[in-house]
Amino acid sequence: MAVFTEVEFGEADALVQRLGMGALRDLRGIEGGIENTNYFATTESGEFVLTLFERLSAEQLPYYLCLMKHLAGRGLPVPEPVADPAVQAPKGHALTVPANAPCELLHIVAGKPAALVQRLSGHSELAPTQAHCAELGAMLARMHIAARDFPRIQPNLRGLPWWNETVPVVLPYIDEPQAALLRAELAYQNHIAESSAYAALPRGPVHADMFRDNVMFATGGEPGSAPLLTGVFDFYFAGTDTWLFDLSVCLNDWAIDLATGVHDAGRADALLSAYETVRPLNASERALLPAMLRAAALRFWISRLWDFHLPREASMLKPHDPTHFERVLRQRATHPHAMAQALEPLMAA
């Protein structure tokens, strides 16, 4: 496994029984991932995923776990964390619950903060069609709307302040053309963040990492039938940010050619049109979409440079290639009007 903490069967069994899930029947480590340790846990009451958090602290985790529970409670296909019946959930006004208030969804396993969540059905689609992108776009918009009244507030911890802190750390590891691009783009994003148009962008809790491998679709079905999105998971980069940034993260993964970073107009149009069917973009969002596409590419280029050149000990088997998002950023900066074709029919509607 990429990140591994050994969990004794007996300790996991004690946890699931305390949570009312019945006896543990099977515990299997899940390969892959770069942040956390995950196990499939089969109990008398069903299938679950046990996650041990290797980087996030017990003080940071309540925000993510409670957001998942909030969205699942609104009927969205999000893995619902299992609560400890012995821990009292915090009470208070909807906008006064601190991000790190005590959380009945957080447990300790093998000395690490942990969560037990429902196991979702389906599989990730790594070669999405326009139909898959449309499903994703509509789901993302529903998720933004459903999270508007989520009571905890936490900034996106991988947002602009983190970019400003991390770029000087990674600059010594890259060549001068890359460094020049990184410095120029960071300056541009700081300028955008100070604008009145940026201040007018709607915001709220965002997933911020909704890549192809964090979404699942139903297996089987009739040949030629439309795909059905069955699950969205891995909320551990979530935070309060602009909804446009969240949408841009999706467009930069689902609607590009992975080999070149080139914009795929058909998939982008499908994703954006479906999103706007649920929640239309406002004028500021339309104006700043090219800039936010660049911001989303910059965020993941910085994080991949950081993981690649400054890896944590035993934290991952193989870091993601940083040059992928360098290519995406160069494409977005060179072709800022690539989304215009998708936006035009929506603006005329």
# chains A, B, ... in the order shown; residues from 1 in each chain; ligands from 1
call {"tool": "select_by_dssp", "arguments": {"residues": "range 156-252 of chain A", "states": "alpha helix (DSSP H)", "output": "PyMOL selection string"}}
result
chain A and resi 160-170+176-193+196-199+243-252
call {"tool": "write_last_selection", "arguments": {"atoms": "N, CA and C atoms", "output": "tab-separated table (two decimals), in the first residue's frame"}}
result
chain	number	residue	atom	x	y	z
A	160	LEU	N	-5.01	29.92	-2.01
A	160	LEU	CA	-4.00	30.91	-2.36
A	160	LEU	C	-2.94	31.13	-1.27
A	161	PRO	N	-3.29	31.24	0.02
A	161	PRO	CA	-2.23	31.40	1.02
A	161	PRO	C	-1.22	30.26	0.99
A	162	TRP	N	-1.71	29.03	0.79
A	162	TRP	CA	-0.80	27.88	0.71
A	162	TRP	C	0.07	27.96	-0.54
A	163	TRP	N	-0.49	28.41	-1.66
A	163	TRP	CA	0.31	28.58	-2.88
A	163	TRP	C	1.45	29.57	-2.62
A	164	ASN	N	1.12	30.69	-1.98
A	164	ASN	CA	2.15	31.70	-1.70
A	164	ASN	C	3.24	31.18	-0.78
A	165	GLU	N	2.88	30.31	0.16
A	165	GLU	CA	3.87	29.73	1.07
A	165	GLU	C	4.73	28.66	0.39
A	166	THR	N	4.13	27.91	-0.52
A	166	THR	CA	4.79	26.72	-1.06
A	166	THR	C	5.63	26.98	-2.29
A	167	VAL	N	5.26	27.95	-3.10
A	167	VAL	CA	6.03	28.23	-4.32
A	167	VAL	C	7.50	28.51	-4.01
A	168	PRO	N	7.86	29.36	-3.03
A	168	PRO	CA	9.28	29.56	-2.75
A	168	PRO	C	10.01	28.28	-2.34
A	169	VAL	N	9.28	27.33	-1.77
A	169	VAL	CA	9.89	26.08	-1.33
A	169	VAL	C	10.25	25.18	-2.51
A	170	VAL	N	9.41	25.19	-3.56
A	170	VAL	CA	9.65	24.29	-4.70
A	170	VAL	C	10.49	24.93	-5.80
A	176	GLU	N	14.61	27.24	-14.91
A	176	GLU	CA	14.23	28.64	-14.96
A	176	GLU	C	12.95	28.91	-15.74
A	177	PRO	N	12.73	28.26	-16.93
A	177	PRO	CA	11.45	28.49	-17.61
A	177	PRO	C	10.25	28.09	-16.77
A	178	GLN	N	10.37	26.98	-16.05
A	178	GLN	CA	9.28	26.57	-15.16
A	178	GLN	C	9.11	27.56	-14.02
A	179	ALA	N	10.21	27.98	-13.44
A	179	ALA	CA	10.15	28.94	-12.33
A	179	ALA	C	9.53	30.25	-12.77
A	180	ALA	N	9.87	30.69	-13.98
A	180	ALA	CA	9.30	31.94	-14.49
A	180	ALA	C	7.80	31.83	-14.64
A	181	LEU	N	7.34	30.69	-15.16
A	181	LEU	CA	5.89	30.48	-15.31
A	181	LEU	C	5.22	30.44	-13.94
A	182	LEU	N	5.83	29.75	-13.00
A	182	LEU	CA	5.24	29.61	-11.67
A	182	LEU	C	5.13	30.97	-10.99
A	183	ARG	N	6.18	31.77	-11.06
A	183	ARG	CA	6.15	33.10	-10.43
A	183	ARG	C	5.12	34.00	-11.10
A	184	ALA	N	5.09	33.97	-12.43
A	184	ALA	CA	4.16	34.83	-13.16
A	184	ALA	C	2.71	34.45	-12.89
A	185	GLU	N	2.42	33.17	-12.87
A	185	GLU	CA	1.05	32.74	-12.64
A	185	GLU	C	0.61	33.03	-11.21
A	186	LEU	N	1.51	32.86	-10.25
A	186	LEU	CA	1.16	33.16	-8.87
A	186	LEU	C	0.86	34.65	-8.71
A	187	ALA	N	1.64	35.50	-9.35
A	187	ALA	CA	1.38	36.94	-9.30
A	187	ALA	C	0.03	37.26	-9.93
A	188	TYR	N	-0.28	36.60	-11.04
A	188	TYR	CA	-1.57	36.81	-11.71
A	188	TYR	C	-2.73	36.41	-10.80
A	189	GLN	N	-2.62	35.27	-10.13
A	189	GLN	CA	-3.70	34.80	-9.27
A	189	GLN	C	-3.87	35.69	-8.04
A	190	ASN	N	-2.79	36.25	-7.51
A	190	ASN	CA	-2.91	37.20	-6.41
A	190	ASN	C	-3.63	38.46	-6.88
A	191	HIS	N	-3.35	38.88	-8.10
A	191	HIS	CA	-4.04	40.04	-8.68
A	191	HIS	C	-5.54	39.76	-8.85
A	192	ILE	N	-5.88	38.59	-9.37
A	192	ILE	CA	-7.28	38.21	-9.56
A	192	ILE	C	-8.01	38.19	-8.22
A	193	ALA	N	-7.35	37.64	-7.19
A	193	ALA	CA	-8.00	37.50	-5.88
A	193	ALA	C	-8.33	38.84	-5.24
A	196	SER	N	-12.73	43.05	-7.66
A	196	SER	CA	-14.13	43.08	-7.24
A	196	SER	C	-14.92	41.93	-7.86
A	197	ALA	N	-14.54	41.53	-9.07
A	197	ALA	CA	-15.22	40.41	-9.73
A	197	ALA	C	-15.02	39.12	-8.93
A	198	TYR	N	-13.81	38.92	-8.42
A	198	TYR	CA	-13.54	37.73	-7.61
A	198	TYR	C	-14.33	37.77	-6.31
A	199	ALA	N	-14.43	38.94	-5.71
A	199	ALA	CA	-15.19	39.07	-4.46
A	199	ALA	C	-16.67	38.75	-4.67
A	243	TRP	N	-17.30	28.38	-5.76
A	243	TRP	CA	-17.83	27.24	-6.51
A	243	TRP	C	-17.19	27.17	-7.90
A	244	LEU	N	-16.79	28.32	-8.43
A	244	LEU	CA	-16.16	28.33	-9.74
A	244	LEU	C	-14.81	27.61	-9.71
A	245	PHE	N	-14.08	27.73	-8.62
A	245	PHE	CA	-12.82	27.00	-8.50
A	245	PHE	C	-13.07	25.49	-8.51
A	246	ASP	N	-14.09	25.05	-7.79
A	246	ASP	CA	-14.44	23.63	-7.76
A	246	ASP	C	-14.81	23.13	-9.15
A	247	LEU	N	-15.60	23.91	-9.86
A	247	LEU	CA	-15.98	23.56	-11.23
A	247	LEU	C	-14.75	23.50	-12.13
A	248	SER	N	-13.81	24.41	-11.93
A	248	SER	CA	-12.60	24.45	-12.75
A	248	SER	C	-11.71	23.24	-12.50
A	249	VAL	N	-11.63	22.79	-11.25
A	249	VAL	CA	-10.87	21.57	-10.96
A	249	VAL	C	-11.43	20.41	-11.77
A	250	CYS	N	-12.75	20.31	-11.83
A	250	CYS	CA	-13.37	19.22	-12.60
A	250	CYS	C	-13.09	19.36	-14.10
A	251	LEU	N	-13.24	20.56	-14.63
A	251	LEU	CA	-13.01	20.78	-16.06
A	251	LEU	C	-11.57	20.46	-16.44
A	252	ASN	N	-10.63	20.74	-15.53
A	252	ASN	CA	-9.22	20.48	-15.82
A	252	ASN	C	-8.84	19.01	-15.76
call {"tool": "residues_around", "arguments": {"residues": "range 14-20 of chain A", "least_positions_apart": "3", "cutoff": "7 Å", "atoms": "only C-alpha atoms", "output": "number ranges by chain"}}
result
A: 10-11, 23-24, 83-85
call {"tool": "write_last_selection", "arguments": {"atoms": "all heavy atoms", "output": "PDB file, in the first residue's frame"}}
result
ATOM      1  N   GLY A  10      -8.684  -7.577  15.717  1.00  0.00           N
ATOM      2  CA  GLY A  10      -9.440  -7.425  16.956  1.00  0.00           C
ATOM      3  C   GLY A  10      -9.779  -5.984  17.268  1.00  0.00           C
ATOM      4  O   GLY A  10     -10.879  -5.677  17.758  1.00  0.00           O
ATOM      5  N   GLU A  11      -8.856  -5.059  16.975  1.00  0.00           N
ATOM      6  CA  GLU A  11      -9.125  -3.646  17.243  1.00  0.00           C
ATOM      7  C   GLU A  11     -10.207  -3.110  16.308  1.00  0.00           C
ATOM      8  O   GLU A  11     -11.095  -2.368  16.724  1.00  0.00           O
ATOM      9  CB  GLU A  11      -7.846  -2.817  17.098  1.00  0.00           C
ATOM     10  CG  GLU A  11      -8.045  -1.360  17.466  1.00  0.00           C
ATOM     11  CD  GLU A  11      -6.757  -0.565  17.476  1.00  0.00           C
ATOM     12  OE1 GLU A  11      -5.718  -1.093  17.034  1.00  0.00           O
ATOM     13  OE2 GLU A  11      -6.798   0.591  17.924  1.00  0.00           O
ATOM     14  N   ALA A  23     -20.545  -7.821  14.245  1.00  0.00           N
ATOM     15  CA  ALA A  23     -19.190  -8.380  14.258  1.00  0.00           C
ATOM     16  C   ALA A  23     -18.487  -8.164  12.919  1.00  0.00           C
ATOM     17  O   ALA A  23     -19.116  -8.150  11.858  1.00  0.00           O
ATOM     18  CB  ALA A  23     -19.238  -9.865  14.588  1.00  0.00           C
ATOM     19  N   LEU A  24     -17.174  -7.999  12.986  1.00  0.00           N
ATOM     20  CA  LEU A  24     -16.349  -7.858  11.779  1.00  0.00           C
ATOM     21  C   LEU A  24     -16.105  -9.240  11.178  1.00  0.00           C
ATOM     22  O   LEU A  24     -15.685 -10.162  11.874  1.00  0.00           O
ATOM     23  CB  LEU A  24     -15.016  -7.202  12.141  1.00  0.00           C
ATOM     24  CG  LEU A  24     -14.059  -6.903  10.992  1.00  0.00           C
ATOM     25  CD1 LEU A  24     -14.645  -5.845  10.060  1.00  0.00           C
ATOM     26  CD2 LEU A  24     -12.701  -6.437  11.539  1.00  0.00           C
ATOM     27  N   ALA A  83     -21.450   7.225  13.111  1.00  0.00           N
ATOM     28  CA  ALA A  83     -21.275   7.972  14.354  1.00  0.00           C
ATOM     29  C   ALA A  83     -21.088   7.035  15.537  1.00  0.00           C
ATOM     30  O   ALA A  83     -21.603   5.908  15.565  1.00  0.00           O
ATOM     31  CB  ALA A  83     -22.481   8.875  14.596  1.00  0.00           C
ATOM     32  N   ASP A  84     -20.361   7.524  16.514  1.00  0.00           N
ATOM     33  CA  ASP A  84     -20.212   6.822  17.789  1.00  0.00           C
ATOM     34  C   ASP A  84     -21.391   7.230  18.664  1.00  0.00           C
ATOM     35  O   ASP A  84     -21.537   8.410  19.018  1.00  0.00           O
ATOM     36  CB  ASP A  84     -18.890   7.211  18.450  1.00  0.00           C
ATOM     37  CG  ASP A  84     -18.607   6.392  19.703  1.00  0.00           C
ATOM     38  OD1 ASP A  84     -19.559   5.865  20.308  1.00  0.00           O
ATOM     39  OD2 ASP A  84     -17.425   6.277  20.076  1.00  0.00           O
ATOM     40  N   PRO A  85     -22.258   6.296  19.033  1.00  0.00           N
ATOM     41  CA  PRO A  85     -23.443   6.663  19.818  1.00  0.00           C
ATOM     42  C   PRO A  85     -23.117   7.218  21.195  1.00  0.00           C
ATOM     43  O   PRO A  85     -23.964   7.863  21.823  1.00  0.00           O
ATOM     44  CB  PRO A  85     -24.224   5.347  19.919  1.00  0.00           C
ATOM     45  CG  PRO A  85     -23.205   4.274  19.676  1.00  0.00           C
ATOM     46  CD  PRO A  85     -22.202   4.853  18.742  1.00  0.00           C
TER      47      PRO A  85
END
call {"tool": "closest_residue", "arguments": {"among": "A:Phe308, A:Phe9, A:Trp254, A:Phe237", "to": "Leu27 in chain A", "atoms": "only C-alpha atoms"}}
result
A:Phe9
call {"tool": "residues_around", "arguments": {"residues": "Glu125 in chain A", "least_positions_apart": "2", "cutoff": "8 Å", "atoms": "only C-alpha atoms", "output": "VMD selection string"}}
result
chain A and resid 123 127 to 128 212 to 213 215 to 217
call {"tool": "atom_distance", "arguments": {"atom1": "CA of Gly75 in chain A", "atom2": "CA of Val232 in chain A"}}
result
12.2 Å
call {"tool": "select_by_dssp", "arguments": {"residues": "range 51-206 of chain A", "states": "strand (DSSP E)", "output": "list in words"}}
result
Thr51, Leu52, Phe53, His107, Ile108, Val109, Lys112, Pro113, Ala114, Ala115, Leu116, Val117, Gln118, Arg203, Gly204, Pro205 and Val206 of chain A
call {"tool": "write_last_selection", "arguments": {"atoms": "all heavy atoms", "output": "tab-separated table (two decimals), in the first residue's frame"}}
result
chain	number	residue	atom	x	y	z
A	51	THR	N	-10.87	4.21	7.28
A	51	THR	CA	-9.77	5.09	6.87
A	51	THR	C	-9.01	5.56	8.09
A	51	THR	O	-9.60	6.06	9.06
A	51	THR	CB	-10.29	6.31	6.09
A	51	THR	OG1	-10.93	5.86	4.90
A	51	THR	CG2	-9.14	7.25	5.72
A	52	LEU	N	-7.68	5.40	8.05
A	52	LEU	CA	-6.79	5.97	9.07
A	52	LEU	C	-6.07	7.15	8.44
A	52	LEU	O	-5.48	7.01	7.36
A	52	LEU	CB	-5.77	4.94	9.56
A	52	LEU	CG	-6.24	3.94	10.62
A	52	LEU	CD1	-7.32	3.01	10.08
A	52	LEU	CD2	-5.05	3.13	11.13
A	53	PHE	N	-6.12	8.30	9.09
A	53	PHE	CA	-5.60	9.53	8.50
A	53	PHE	C	-4.13	9.71	8.89
A	53	PHE	O	-3.81	9.82	10.07
A	53	PHE	CB	-6.45	10.71	8.94
A	53	PHE	CG	-7.88	10.57	8.49
A	53	PHE	CD1	-8.85	10.08	9.36
A	53	PHE	CD2	-8.26	10.89	7.20
A	53	PHE	CE1	-10.16	9.93	8.96
A	53	PHE	CE2	-9.57	10.74	6.78
A	53	PHE	CZ	-10.52	10.25	7.66
A	107	HIS	N	-12.96	8.69	15.15
A	107	HIS	CA	-12.55	7.61	16.06
A	107	HIS	C	-11.03	7.52	16.09
A	107	HIS	O	-10.35	8.18	15.32
A	107	HIS	CB	-13.17	6.29	15.60
A	107	HIS	CG	-14.59	6.41	15.11
A	107	HIS	ND1	-15.62	6.80	15.93
A	107	HIS	CD2	-15.12	6.25	13.87
A	107	HIS	CE1	-16.75	6.86	15.23
A	107	HIS	NE2	-16.47	6.53	13.97
A	108	ILE	N	-10.52	6.69	16.97
A	108	ILE	CA	-9.08	6.44	17.05
A	108	ILE	C	-8.84	4.95	16.83
A	108	ILE	O	-9.43	4.11	17.51
A	108	ILE	CB	-8.50	6.87	18.42
A	108	ILE	CG1	-8.70	8.36	18.64
A	108	ILE	CG2	-7.00	6.52	18.49
A	108	ILE	CD1	-7.96	9.25	17.66
A	109	VAL	N	-7.99	4.62	15.87
A	109	VAL	CA	-7.62	3.23	15.57
A	109	VAL	C	-6.11	3.16	15.38
A	109	VAL	O	-5.54	3.98	14.64
A	109	VAL	CB	-8.34	2.73	14.30
A	109	VAL	CG1	-7.87	1.31	13.93
A	109	VAL	CG2	-9.85	2.76	14.48
A	112	LYS	N	-4.23	6.34	15.50
A	112	LYS	CA	-4.44	7.34	14.46
A	112	LYS	C	-5.91	7.77	14.44
A	112	LYS	O	-6.80	6.97	14.72
A	112	LYS	CB	-4.07	6.76	13.09
A	112	LYS	CG	-2.64	6.29	12.94
A	112	LYS	CD	-1.70	7.45	12.71
A	112	LYS	CE	-0.27	6.99	12.54
A	112	LYS	NZ	-0.04	6.30	11.26
A	113	PRO	N	-6.18	9.03	14.09
A	113	PRO	CA	-7.58	9.41	13.86
A	113	PRO	C	-8.14	8.60	12.71
A	113	PRO	O	-7.44	8.35	11.72
A	113	PRO	CB	-7.49	10.91	13.53
A	113	PRO	CG	-6.08	11.15	13.12
A	113	PRO	CD	-5.25	10.14	13.84
A	114	ALA	N	-9.39	8.19	12.83
A	114	ALA	CA	-9.96	7.27	11.84
A	114	ALA	C	-11.44	7.55	11.65
A	114	ALA	O	-12.10	8.20	12.48
A	114	ALA	CB	-9.75	5.83	12.28
A	115	ALA	N	-11.97	7.04	10.54
A	115	ALA	CA	-13.40	7.12	10.26
A	115	ALA	C	-13.84	5.83	9.60
A	115	ALA	O	-13.07	5.18	8.88
A	115	ALA	CB	-13.70	8.30	9.34
A	116	LEU	N	-15.09	5.46	9.85
A	116	LEU	CA	-15.72	4.32	9.19
A	116	LEU	C	-16.87	4.87	8.36
A	116	LEU	O	-17.76	5.52	8.89
A	116	LEU	CB	-16.24	3.31	10.22
A	116	LEU	CG	-16.78	1.99	9.64
A	116	LEU	CD1	-15.61	1.10	9.19
A	116	LEU	CD2	-17.62	1.25	10.68
A	117	VAL	N	-16.82	4.63	7.05
A	117	VAL	CA	-17.85	5.17	6.16
A	117	VAL	C	-18.46	4.05	5.33
A	117	VAL	O	-17.85	3.00	5.12
A	117	VAL	CB	-17.28	6.27	5.22
A	117	VAL	CG1	-16.60	7.36	6.02
A	117	VAL	CG2	-16.31	5.68	4.20
A	118	GLN	N	-19.66	4.30	4.85
A	118	GLN	CA	-20.32	3.34	3.97
A	118	GLN	C	-19.50	3.15	2.70
A	118	GLN	O	-18.94	4.10	2.15
A	118	GLN	CB	-21.71	3.85	3.59
A	118	GLN	CG	-22.69	3.92	4.73
A	118	GLN	CD	-24.01	4.55	4.31
A	118	GLN	OE1	-24.04	5.41	3.43
A	118	GLN	NE2	-25.09	4.13	4.93
A	203	ARG	N	-19.71	31.36	-3.15
A	203	ARG	CA	-18.79	30.42	-2.51
A	203	ARG	C	-19.48	29.65	-1.41
A	203	ARG	O	-20.56	29.99	-0.95
A	203	ARG	CB	-17.54	31.13	-2.00
A	203	ARG	CG	-17.79	32.17	-0.92
A	203	ARG	CD	-16.57	33.08	-0.78
A	203	ARG	NE	-16.38	33.92	-1.96
A	203	ARG	CZ	-15.19	34.24	-2.46
A	203	ARG	NH1	-14.08	33.80	-1.89
A	203	ARG	NH2	-15.09	35.02	-3.53
A	204	GLY	N	-18.80	28.60	-0.98
A	204	GLY	CA	-19.31	27.73	0.07
A	204	GLY	C	-18.42	26.51	0.15
A	204	GLY	O	-17.32	26.50	-0.42
A	205	PRO	N	-18.84	25.46	0.82
A	205	PRO	CA	-18.03	24.24	0.87
A	205	PRO	C	-17.83	23.66	-0.52
A	205	PRO	O	-18.77	23.56	-1.31
A	205	PRO	CB	-18.87	23.30	1.75
A	205	PRO	CG	-19.71	24.21	2.58
A	205	PRO	CD	-20.03	25.36	1.68
A	206	VAL	N	-16.60	23.28	-0.84
A	206	VAL	CA	-16.27	22.67	-2.13
A	206	VAL	C	-15.48	21.40	-1.89
A	206	VAL	O	-14.81	21.24	-0.87
A	206	VAL	CB	-15.46	23.63	-3.03
A	206	VAL	CG1	-16.24	24.91	-3.31
A	206	VAL	CG2	-14.10	23.98	-2.40
call {"tool": "residues_around", "arguments": {"residues": "Leu228 in chain A", "least_positions_apart": "2", "cutoff": "10 Å", "atoms": "only C-alpha atoms", "output": "list of chain:residue names"}}
result
A:Gly122, A:Ala131, A:His132, A:Glu135, A:Leu136, A:Met216, A:Phe217, A:Ala218, A:Thr219, A:Gly221, A:Ser225, A:Ala226, A:Thr230, A:Gly231
call {"tool": "closest_residue", "arguments": {"among": "A:Ala41, A:Val278, A:Met292, A:Leu67", "to": "Pro151 in chain A", "atoms": "only C-alpha atoms"}}
result
A:Leu67
call {"tool": "closest_residue", "arguments": {"among": "A:Phe48, A:Trp301, A:Phe4, A:Trp306", "to": "Arg327 in chain A", "atoms": "only C-alpha atoms"}}
result
A:Trp301
call {"tool": "closest_residue", "arguments": {"among": "A:Met139, A:Ala255, A:Ala238, A:Ala208", "to": "Ala296 in chain A", "atoms": "only C-alpha atoms"}}
result
A:Ala208
call {"tool": "closest_residue", "arguments": {"among": "A:Arg267, A:Ala200, A:Val328, A:Asp209", "to": "Ala283 in chain A", "atoms": "only C-alpha atoms"}}
result
A:Ala200
call {"tool": "closest_residue", "arguments": {"among": "A:Asp307, A:Tyr236, A:Ser195, A:Met210", "to": "Ala291 in chain A", "atoms": "only C-alpha atoms"}}
result
A:Ser195
call {"tool": "residues_around", "arguments": {"residues": "Leu329 in chain A", "least_positions_apart": "3", "cutoff": "10 Å", "atoms": "only C-alpha atoms", "output": "list of chain:residue names"}}
result
A:Leu181, A:Leu182, A:Glu185, A:Asn252, A:Gly261, A:Val262, A:Leu293, A:Arg294, A:Ala295, A:Ala296, A:Ala297, A:Leu298, A:Arg299, A:Phe300, A:Trp301, A:Thr323, A:His324, A:Phe325, A:Glu326, A:Arg332, A:Ala333, A:Thr334, A:His335
call {"tool": "atom_distance", "arguments": {"atom1": "CA of Glu54 in chain A", "atom2": "CA of Arg28 in chain A"}}
result
17.9 Å
call {"tool": "atom_distance", "arguments": {"atom1": "CA of Pro81 in chain A", "atom2": "CA of Arg25 in chain A"}}
result
19.3 Å
